[in-house]
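What follows is the content of model.cif (mmCIF, C-alpha atoms).
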data_protein
#
loop_
_atom_site.label_atom_id
_atom_site.label_comp_id
_atom_site.auth_asym_id
_atom_site.auth_seq_id
_atom_site.Cartn_x
_atom_site.Cartn_y
_atom_site.Cartn_z
CA MET A 1 38.05 179.44 -134.36
CA ALA A 2 37.49 176.43 -132.22
CA GLU A 3 40.69 175.09 -130.76
CA ARG A 4 41.04 171.58 -129.40
CA LYS A 5 42.69 171.56 -126.00
CA ALA A 6 43.70 168.71 -123.76
CA VAL A 7 41.28 169.12 -120.85
CA LEU A 8 40.39 167.09 -117.79
CA PHE A 9 37.12 167.92 -115.97
CA GLY A 10 37.07 171.19 -117.93
CA ALA A 11 40.55 172.28 -116.84
CA PRO A 12 43.51 172.32 -119.26
CA ILE A 13 46.02 169.59 -118.39
CA ALA A 14 48.78 172.23 -118.62
CA ALA A 15 47.11 174.17 -115.77
CA ILE A 16 46.70 170.99 -113.70
CA ALA A 17 50.41 170.20 -114.20
CA LEU A 18 51.35 173.79 -113.33
CA PHE A 19 49.44 173.70 -110.03
CA ALA A 20 50.76 170.21 -109.23
CA ALA A 21 54.30 171.55 -109.69
CA LEU A 22 53.51 174.62 -107.57
CA VAL A 23 52.03 172.57 -104.71
CA GLY A 24 54.95 170.10 -104.91
CA PHE A 25 57.70 172.69 -105.05
CA THR A 26 56.29 174.97 -102.33
CA ALA A 27 56.13 171.94 -99.99
CA MET A 28 59.76 172.85 -99.28
CA ILE A 29 58.77 176.25 -97.82
CA PRO A 30 57.48 175.95 -94.23
CA ILE A 31 54.74 178.35 -93.17
CA SER A 32 53.92 177.04 -89.68
CA PHE A 33 55.71 174.38 -87.66
CA TYR A 34 53.64 171.73 -85.83
CA THR A 35 53.48 172.58 -82.13
CA THR A 36 54.49 169.02 -81.28
CA GLY A 37 57.46 169.06 -83.68
CA GLY A 38 57.86 166.34 -86.31
CA GLY A 39 56.77 168.36 -89.32
CA PHE A 40 55.40 171.60 -90.65
CA THR A 41 52.59 173.07 -92.70
CA SER A 42 54.09 174.09 -96.03
CA LEU A 43 53.26 177.07 -98.22
CA GLY A 44 51.84 174.59 -100.73
CA MET A 45 49.39 173.19 -98.16
CA ALA A 46 48.48 176.58 -96.69
CA ALA A 47 48.10 178.56 -99.89
CA PHE A 48 48.67 176.87 -103.25
CA ALA A 49 46.57 173.72 -102.75
CA PRO A 50 43.54 175.86 -101.70
CA VAL A 51 44.16 178.16 -104.68
CA ALA A 52 44.34 175.08 -106.97
CA GLY A 53 40.88 174.09 -105.70
CA MET A 54 39.49 177.60 -106.26
CA VAL A 55 40.98 177.90 -109.77
CA LEU A 56 40.56 174.34 -111.10
CA GLY A 57 37.36 173.24 -109.37
CA PRO A 58 36.95 170.13 -107.19
CA TYR A 59 37.89 167.28 -109.54
CA ALA A 60 40.80 168.84 -111.44
CA GLY A 61 41.92 170.46 -108.15
CA PHE A 62 41.87 167.03 -106.50
CA ILE A 63 44.13 165.57 -109.22
CA ALA A 64 46.52 168.56 -109.22
CA CYS A 65 46.87 168.49 -105.44
CA TYR A 66 47.29 164.71 -105.28
CA VAL A 67 50.11 164.84 -107.86
CA GLY A 68 51.55 167.89 -106.05
CA GLY A 69 51.33 166.04 -102.73
CA ILE A 70 53.21 163.04 -104.13
CA ILE A 71 55.93 165.31 -105.57
CA GLY A 72 56.09 167.22 -102.25
CA MET A 73 56.29 163.96 -100.29
CA PHE A 74 59.62 163.17 -102.00
CA LEU A 75 60.97 166.74 -102.10
CA SER A 76 60.07 167.60 -98.51
CA PRO A 77 59.21 164.69 -96.18
CA GLY A 78 58.79 167.15 -93.27
CA ALA A 79 55.69 168.59 -94.96
CA TYR A 80 54.16 165.14 -95.51
CA PRO A 81 55.31 163.04 -92.53
CA LEU A 82 52.72 160.31 -93.16
CA GLY A 83 53.91 159.76 -96.74
CA LEU A 84 51.25 158.70 -99.27
CA ILE A 85 48.46 159.04 -96.68
CA ASP A 86 49.54 162.65 -96.21
CA ALA A 87 49.73 163.27 -99.95
CA TYR A 88 46.02 162.38 -99.92
CA LEU A 89 44.98 164.09 -96.65
CA SER A 90 47.18 167.21 -96.76
CA GLY A 91 47.25 167.40 -100.54
CA ALA A 92 44.39 165.97 -102.56
CA CYS A 93 41.67 166.62 -99.94
CA LEU A 94 42.63 170.32 -99.81
CA GLY A 95 41.98 170.70 -103.54
CA LEU A 96 38.73 168.75 -103.22
CA SER A 97 37.40 170.74 -100.25
CA TRP A 98 38.29 174.16 -101.68
CA GLY A 99 37.02 173.08 -105.10
CA PHE A 100 33.60 172.10 -103.74
CA ALA A 101 33.53 175.23 -101.56
CA SER A 102 34.07 177.31 -104.70
CA CYS A 103 31.05 175.93 -106.55
CA MET A 104 28.50 176.06 -103.74
CA ASP A 105 26.22 178.07 -106.04
CA LYS A 106 25.67 174.85 -108.04
CA ARG A 107 23.28 172.10 -107.00
CA GLU A 108 25.75 169.37 -107.99
CA CYS A 109 28.39 170.64 -105.54
CA LYS A 110 25.85 171.22 -102.75
CA MET A 111 24.58 167.65 -103.08
CA ILE A 112 28.08 166.32 -102.44
CA TYR A 113 29.70 168.93 -100.19
CA ILE A 114 26.97 169.47 -97.58
CA PRO A 115 26.64 165.77 -96.58
CA TRP A 116 30.44 165.42 -96.82
CA VAL A 117 31.17 168.30 -94.46
CA LEU A 118 28.44 167.45 -91.94
CA GLY A 119 29.30 163.74 -92.05
CA GLN A 120 33.01 164.39 -91.53
CA ASP A 121 32.30 166.72 -88.62
CA ALA A 122 29.97 164.18 -87.05
CA ILE A 123 32.74 161.56 -87.28
CA ALA A 124 35.26 164.02 -85.78
CA LEU A 125 32.82 164.60 -82.92
CA ILE A 126 32.67 160.90 -82.10
CA VAL A 127 36.21 159.66 -82.96
CA PRO A 128 38.25 159.06 -80.83
CA PHE A 129 36.93 160.21 -77.43
CA ILE A 130 33.39 158.77 -77.61
CA TRP A 131 34.33 155.84 -79.87
CA PRO A 132 36.60 153.84 -79.38
CA GLY A 133 36.90 155.78 -76.07
CA PRO A 134 38.40 154.34 -72.88
CA PRO A 135 40.38 152.23 -72.14
CA TYR A 136 41.99 152.69 -75.60
CA TYR A 137 41.67 156.47 -75.23
CA SER A 138 41.89 158.79 -72.22
CA PRO A 139 38.45 159.27 -70.62
CA MET A 140 36.55 162.56 -70.91
CA THR A 141 37.10 164.13 -67.51
CA GLU A 142 34.89 166.79 -65.96
CA PHE A 143 35.98 170.42 -66.08
CA MET A 144 34.65 173.39 -64.03
CA GLY A 145 31.81 171.24 -62.73
CA MET A 146 30.66 170.20 -66.22
CA PRO A 147 30.43 166.46 -67.00
CA GLY A 148 32.89 165.12 -69.59
CA ILE A 149 30.40 164.77 -72.46
CA VAL A 150 29.24 168.41 -72.03
CA VAL A 151 32.88 169.61 -71.94
CA HIS A 152 33.46 167.67 -75.16
CA PHE A 153 30.73 169.69 -76.92
CA VAL A 154 31.65 173.04 -75.32
CA ARG A 155 35.38 172.77 -76.07
CA ARG A 156 34.55 172.59 -79.78
CA TYR A 157 33.09 176.13 -79.74
CA MET A 158 35.29 177.34 -82.65
CA SER A 159 34.00 174.44 -84.68
CA TRP A 160 30.40 175.53 -83.98
CA ILE A 161 31.24 179.08 -85.10
CA PHE A 162 32.74 177.73 -88.36
CA LEU A 163 29.67 175.53 -88.79
CA ALA A 164 27.51 178.67 -88.53
CA VAL A 165 29.67 180.36 -91.23
CA PHE A 166 29.23 177.27 -93.42
CA LEU A 167 25.45 177.21 -92.95
CA ILE A 168 24.97 180.97 -93.42
CA PHE A 169 27.46 181.75 -96.21
CA GLY A 170 28.31 178.35 -97.68
CA VAL A 171 25.07 176.42 -97.95
CA THR A 172 23.20 179.50 -99.23
CA GLY A 173 25.91 180.17 -101.86
CA LYS A 174 26.34 183.76 -100.55
CA ALA A 175 30.16 183.53 -100.20
CA VAL A 176 30.60 182.32 -103.80
CA GLU A 177 28.24 185.07 -105.01
CA TRP A 178 30.31 187.68 -103.12
CA CYS A 179 33.53 186.23 -104.61
CA ARG A 180 32.18 187.31 -108.01
CA SER A 181 31.09 190.75 -106.80
CA GLU A 182 32.40 194.05 -108.23
CA ASP A 183 32.46 195.57 -104.74
CA LYS A 184 35.98 195.09 -103.33
CA LYS A 185 34.83 194.77 -99.69
CA LYS A 186 32.24 192.13 -100.53
CA LEU A 187 34.78 190.32 -102.66
CA ILE A 188 37.39 190.06 -99.90
CA LEU A 189 34.70 189.06 -97.36
CA GLY A 190 33.46 186.41 -99.79
CA PHE A 191 36.95 184.94 -100.12
CA LEU A 192 37.44 185.10 -96.34
CA PHE A 193 34.19 183.23 -95.58
CA LEU A 194 34.90 180.72 -98.37
CA ASN A 195 38.33 180.00 -96.90
CA ILE A 196 36.89 179.65 -93.40
CA TYR A 197 34.23 177.10 -94.37
CA ALA A 198 36.48 175.26 -96.85
CA ARG A 199 39.03 174.83 -94.04
CA TYR A 200 36.20 173.73 -91.74
CA GLY A 201 35.21 171.18 -94.39
CA TRP A 202 38.75 169.87 -94.73
CA THR A 203 39.97 169.85 -91.09
CA PRO A 204 37.92 166.84 -89.85
CA ILE A 205 39.04 164.54 -92.68
CA TRP A 206 42.62 165.48 -91.83
CA GLY A 207 42.06 165.67 -88.09
CA TRP A 208 40.58 162.36 -87.11
CA PRO A 209 43.12 160.06 -88.84
CA TYR A 210 45.88 162.31 -87.48
CA GLY A 211 44.31 162.23 -83.98
CA GLU A 212 44.19 158.46 -84.22
CA TYR A 213 47.82 158.35 -85.38
CA ILE A 214 49.23 160.87 -82.88
CA HIS A 215 47.01 159.53 -80.06
CA SER A 216 46.54 163.03 -78.66
CA PRO A 217 45.29 163.00 -75.06
CA TRP A 218 42.03 164.58 -73.83
CA GLU A 219 44.00 167.27 -71.96
CA THR A 220 45.44 168.67 -75.23
CA GLY A 221 41.91 169.43 -76.42
CA LEU A 222 41.08 171.13 -73.12
CA LEU A 223 44.27 173.22 -73.17
CA SER A 224 43.59 174.23 -76.78
CA ALA A 225 40.05 175.32 -75.95
CA PHE A 226 40.44 176.95 -72.54
CA GLY A 227 44.18 177.02 -71.76
CA PRO A 228 47.54 178.32 -72.89
CA LEU A 229 47.47 176.39 -76.18
CA TRP A 230 44.55 178.54 -77.37
CA PRO A 231 46.64 181.31 -79.01
CA LEU A 232 48.75 178.71 -80.84
CA GLY A 233 45.73 177.03 -82.38
CA GLN A 234 44.21 180.36 -83.38
CA TRP A 235 47.52 181.63 -84.82
CA SER A 236 47.89 178.50 -86.90
CA THR A 237 44.29 178.55 -88.22
CA TRP A 238 43.90 182.27 -88.90
CA SER A 239 47.33 182.85 -90.41
CA GLN A 240 46.62 180.13 -92.96
CA VAL A 241 43.08 181.39 -93.62
CA LEU A 242 44.39 184.93 -94.26
CA ILE A 243 47.28 183.79 -96.49
CA ALA A 244 44.92 181.67 -98.61
CA THR A 245 42.36 184.53 -98.70
CA PHE A 246 44.77 187.16 -99.99
CA LEU A 247 46.78 184.93 -102.33
CA GLY A 248 43.61 183.22 -103.60
CA SER A 249 41.75 186.47 -104.29
CA ALA A 250 44.80 187.98 -106.05
CA ILE A 251 45.33 184.94 -108.32
CA VAL A 252 41.62 184.41 -109.08
CA ILE A 253 41.05 188.11 -109.90
CA GLY A 254 44.22 188.16 -112.04
CA LEU A 255 43.11 185.07 -113.97
CA ARG A 256 39.62 186.52 -114.47
CA LYS A 257 41.11 189.71 -115.95
CA THR A 258 43.44 187.88 -118.34
CA GLY A 259 40.75 185.37 -119.38
CA TYR A 260 43.50 182.75 -119.72
CA LEU A 261 41.64 180.10 -117.81
CA LYS A 262 37.91 179.28 -117.76
CA VAL A 263 37.03 176.21 -115.76
CA PRO A 264 33.51 175.03 -114.92
CA ARG A 265 32.74 174.65 -111.17
CA SER A 266 35.52 177.09 -110.26
CA LEU A 267 35.75 180.71 -109.13
CA VAL A 268 37.55 181.88 -112.29
CA MET B 269 42.17 196.86 -126.65
CA SER B 270 43.69 200.30 -126.20
CA GLY B 271 46.95 201.09 -127.92
CA LYS B 272 48.53 202.29 -124.67
CA GLU B 273 52.07 201.18 -124.07
CA LYS B 274 52.60 199.49 -120.76
CA LYS B 275 55.20 201.05 -118.48
CA ALA B 276 57.75 198.70 -116.99
CA LEU B 277 57.45 198.34 -113.23
CA PRO B 278 60.22 200.49 -111.67
CA MET B 279 63.01 198.58 -109.91
CA LYS B 280 62.31 200.65 -106.80
CA TRP B 281 58.91 199.05 -106.28
CA ILE B 282 60.06 195.56 -107.27
CA LEU B 283 62.75 195.70 -104.57
CA THR B 284 60.42 197.30 -102.01
CA TRP B 285 57.72 194.69 -102.47
CA ALA B 286 60.18 191.78 -102.59
CA GLY B 287 61.73 193.12 -99.37
CA ALA B 288 58.33 193.54 -97.70
CA ILE B 289 57.27 189.98 -98.64
CA LEU B 290 60.58 188.47 -97.48
CA ALA B 291 60.58 190.47 -94.24
CA GLY B 292 56.95 189.53 -93.56
CA PHE B 293 57.67 185.86 -94.21
CA GLY B 294 60.77 185.92 -91.99
CA VAL B 295 59.04 187.69 -89.09
CA PHE B 296 55.98 185.42 -89.42
CA LEU B 297 58.04 182.23 -89.18
CA SER B 298 60.36 183.57 -86.48
CA VAL B 299 57.34 184.36 -84.29
CA ASP B 300 55.81 180.97 -85.15
CA LEU B 301 58.98 179.21 -84.00
CA MET B 302 59.30 181.41 -80.90
CA LEU B 303 55.86 180.26 -79.76
CA LYS B 304 56.65 176.54 -80.13
CA PRO B 305 59.62 175.16 -78.15
CA ARG B 306 59.31 171.63 -79.55
CA ALA B 307 59.14 172.95 -83.09
CA VAL B 308 62.45 174.79 -82.47
CA GLU B 309 64.09 171.42 -81.73
CA TYR B 310 62.64 170.07 -84.96
CA ALA B 311 63.72 173.11 -87.03
CA ALA B 312 67.22 172.98 -85.54
CA GLY B 313 67.53 169.39 -86.77
CA LEU B 314 66.27 170.17 -90.28
CA PHE B 315 69.58 171.68 -91.41
CA PRO B 316 72.54 173.37 -89.68
CA GLY B 317 71.53 176.78 -88.35
CA GLY B 318 67.87 175.95 -89.01
CA ILE B 319 66.52 178.21 -86.26
CA TYR B 320 68.54 181.23 -87.43
CA PHE B 321 67.35 180.87 -91.00
CA TYR B 322 64.06 182.77 -90.58
CA PRO B 323 65.34 185.74 -88.54
CA VAL B 324 68.11 186.11 -91.16
CA ILE B 325 65.48 186.14 -93.93
CA ALA B 326 63.53 188.77 -91.97
CA VAL B 327 66.60 191.02 -91.64
CA ALA B 328 67.59 190.50 -95.29
CA GLY B 329 64.04 191.38 -96.36
CA LEU B 330 64.10 194.49 -94.20
CA ILE B 331 67.41 195.62 -95.74
CA LEU B 332 66.01 195.02 -99.24
CA LEU B 333 62.88 196.97 -98.33
CA ILE B 334 64.87 199.96 -97.05
CA VAL B 335 67.28 199.90 -100.03
CA GLY B 336 64.35 199.64 -102.46
CA TYR B 337 62.31 202.37 -100.83
CA ARG B 338 65.24 204.81 -100.69
CA MET B 339 66.06 204.23 -104.36
CA LYS B 340 65.51 207.18 -106.67
#
If you took the structure in this file and wrote it as structure tokens, what would it be?
Amino acid sequence: MAERKAVLFGAPIAAIALFAALVGFTAMIPISFYTTGGGFTSLGMAAFAPVAGMVLGPYAGFIACYVGGIIGMFLSPGAYPLGLIDAYLSGACLGLSWGFASCMDKRECKMIYIPWVLGQDAIALIVPFIWPGPPYYSPMTEFMGMPGIVVHFVRRYMSWIFLAVFLIFGVTGKAVEWCRSEDKKKLILGFLFLNIYARYGWTPIWGWPYGEYIHSPWETGLLSAFGPLWPLGQWSTWSQVLIATFLGSAIVIGLRKTGYLKVPRSLV
Amino acid sequence: MSGKEKKALPMKWILTWAGAILAGFGVFLSVDLMLKPRAVEYAAGLFPGGIYFYPVIAVAGLILLIVGYRMK
């Protein structure tokens, strides 16, 4: 018997509200403190917003995470120090990026996500050290005999590795295909690659406004790439990737088995 | 659908897993704070005893894990 349900972009409004509440409430649970102080990454940002994207798809995920971000902004200002801007950057954009990453086997998502990711990364490459650059920003100094502009490209080596993961497993739709596989190893690898390239897709849109706001000096980038800040950056990235991978795979597989939720453009 | 009755999850495993998750979370955040001196200042200002909160969670989780695992 056909049953009429209140749906938005193919996702039941009840599920959108549920994920919004989850993202908002778990904003109170810190998962990694910012190295500079002044705030923390919450469990909602690290795990539940990505899961909302995977389960609800890009558009419904965007709405759920935006509402969740606004709730979280009031419940836990430390998780969203920039207020409404953060509810968008560290909330809504997470759902959008993971949502698009989860439907990379569809032409519609590819047409939007590929230019979005590459465009964002190109902006992050230029802002702020090349443009607006000095005197507003610290100049790119030479390092180990390499001129500043070369150092700027070399110090982003992790970004190039993530770009390779995006091009090999994201653009081809392999990661999404593996996420639907019966083979457990392939399935976990699929979720891992999906989380890596979805994070790669989201980081620039979060990073360059934050970089502009924090006014981080050139030396911080150097120390993160070649110096003692390297383990901190890696710890922060990989812990969040692994949490989202395991929680995401568990929830998506559970929902698939129960058949409770079927949303177009999602992993369920 | 099979007519099998589902067995309730034994309390032993509920406690063990809850303990493992809490202990993992506590250790994870304690290490995270240990690595970041400026974040410690921030966490200390969040609420009284802020920096001791996560090690305490880790120990409580560990106790829960041991109690759960040793349960008959």
Select from chain A every residue with an atom at most 8 Å from any atom of chain B, then for each give the shortest pair of atoms and their distance in Å to one decimal, using only C-alpha atoms, rows by chain and rising number, as a tab-separated table.
residue	atom	partner	partner_atom	distance
A:Ile31	CA	B:Leu297	CA	6.5
A:Ser32	CA	B:Asp300	CA	6.3
A:Phe33	CA	B:Ala307	CA	5.9
A:Tyr34	CA	B:Ala307	CA	6.3
A:Thr35	CA	B:Lys304	CA	5.5
A:Thr36	CA	B:Arg306	CA	5.7
A:Gly37	CA	B:Ala307	CA	4.3
A:Gly38	CA	B:Tyr310	CA	6.2
A:Gly39	CA	B:Tyr310	CA	7.5
A:Leu232	CA	B:Leu303	CA	7.4
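For the atom pair formed by atom CA of A:Gln240 and atom CA of B:Phe321, the distance is 20.8 Å, given to one decimal.
Closest to B:Tyr322 among A:Gly78, A:Pro30, A:Pro204, A:Gly119 is A:Pro30, based on only C-alpha atoms.
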Do you know which residues the PyMOL selection byres ((chain A and resi 91-104) around 6) returns on this file, as number ranges by chain? A: 49-50, 53-54, 57-58, 61-62, 65-66, 69, 87-90, 105-106, 109-110, 173, 198, 202, 265-267
Atom CA of A:Gly148 sits from atom CA of A:Leu222 at a separation of 10.8 Å
For A:Pro139, which of A:Gly170, A:Glu219, A:Ala17, A:Phe193 is the closest residue, counting only C-alpha atoms? A:Glu219
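With atom CA of A:Ile149 on one side and atom CA of A:Trp238 on the other, the separation reads 27.5 Å.
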Neighbour residues at most 9 Å from (62.8, 192.9, -100.7) (only C-alpha atoms) as a CSV table (one decimal) with C-alpha atoms, in the coordinates of the input:
chain,number,residue,atom,x,y,z
B,282,ILE,CA,60.1,195.6,-107.3
B,283,LEU,CA,62.8,195.7,-104.6
B,284,THR,CA,60.4,197.3,-102.0
B,285,TRP,CA,57.7,194.7,-102.5
B,286,ALA,CA,60.2,191.8,-102.6
B,287,GLY,CA,61.7,193.1,-99.4
B,288,ALA,CA,58.3,193.5,-97.7
B,289,ILE,CA,57.3,190.0,-98.6
B,290,LEU,CA,60.6,188.5,-97.5
B,291,ALA,CA,60.6,190.5,-94.2
B,328,ALA,CA,67.6,190.5,-95.3
B,329,GLY,CA,64.0,191.4,-96.4
B,330,LEU,CA,64.1,194.5,-94.2
B,331,ILE,CA,67.4,195.6,-95.7
B,332,LEU,CA,66.0,195.0,-99.2
B,333,LEU,CA,62.9,197.0,-98.3
B,334,ILE,CA,64.9,200.0,-97.0
B,335,VAL,CA,67.3,199.9,-100.0
B,336,GLY,CA,64.4,199.6,-102.5
Within-10 Å shell of (43.2, 178.2, -120.0) in input frame, only C-alpha atoms, as a PyMOL selection string: chain A and resi 5+7+10-15+255+258-263
With the PyMOL selection byres ((chain A and resi 180) around 10) as the selection, what would be picked from this file? Answer as number ranges by chain, please. A: 175-179, 181-184, 186-187, 190-191, 252-253, 256, 267-268
Go ahead and save the residues from that selection, with C-alpha atoms, as a CSV table (one decimal), in the frame of the given file.
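The resulting file, result39.csv, is reproduced below:
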chain,number,residue,atom,x,y,z
A,175,ALA,CA,30.2,183.5,-100.2
A,176,VAL,CA,30.6,182.3,-103.8
A,177,GLU,CA,28.2,185.1,-105.0
A,178,TRP,CA,30.3,187.7,-103.1
A,179,CYS,CA,33.5,186.2,-104.6
A,181,SER,CA,31.1,190.8,-106.8
A,182,GLU,CA,32.4,194.0,-108.2
A,183,ASP,CA,32.5,195.6,-104.7
A,184,LYS,CA,36.0,195.1,-103.3
A,186,LYS,CA,32.2,192.1,-100.5
A,187,LEU,CA,34.8,190.3,-102.7
A,190,GLY,CA,33.5,186.4,-99.8
A,191,PHE,CA,37.0,184.9,-100.1
A,252,VAL,CA,41.6,184.4,-109.1
A,253,ILE,CA,41.0,188.1,-109.9
A,256,ARG,CA,39.6,186.5,-114.5
A,267,LEU,CA,35.8,180.7,-109.1
A,268,VAL,CA,37.6,181.9,-112.3
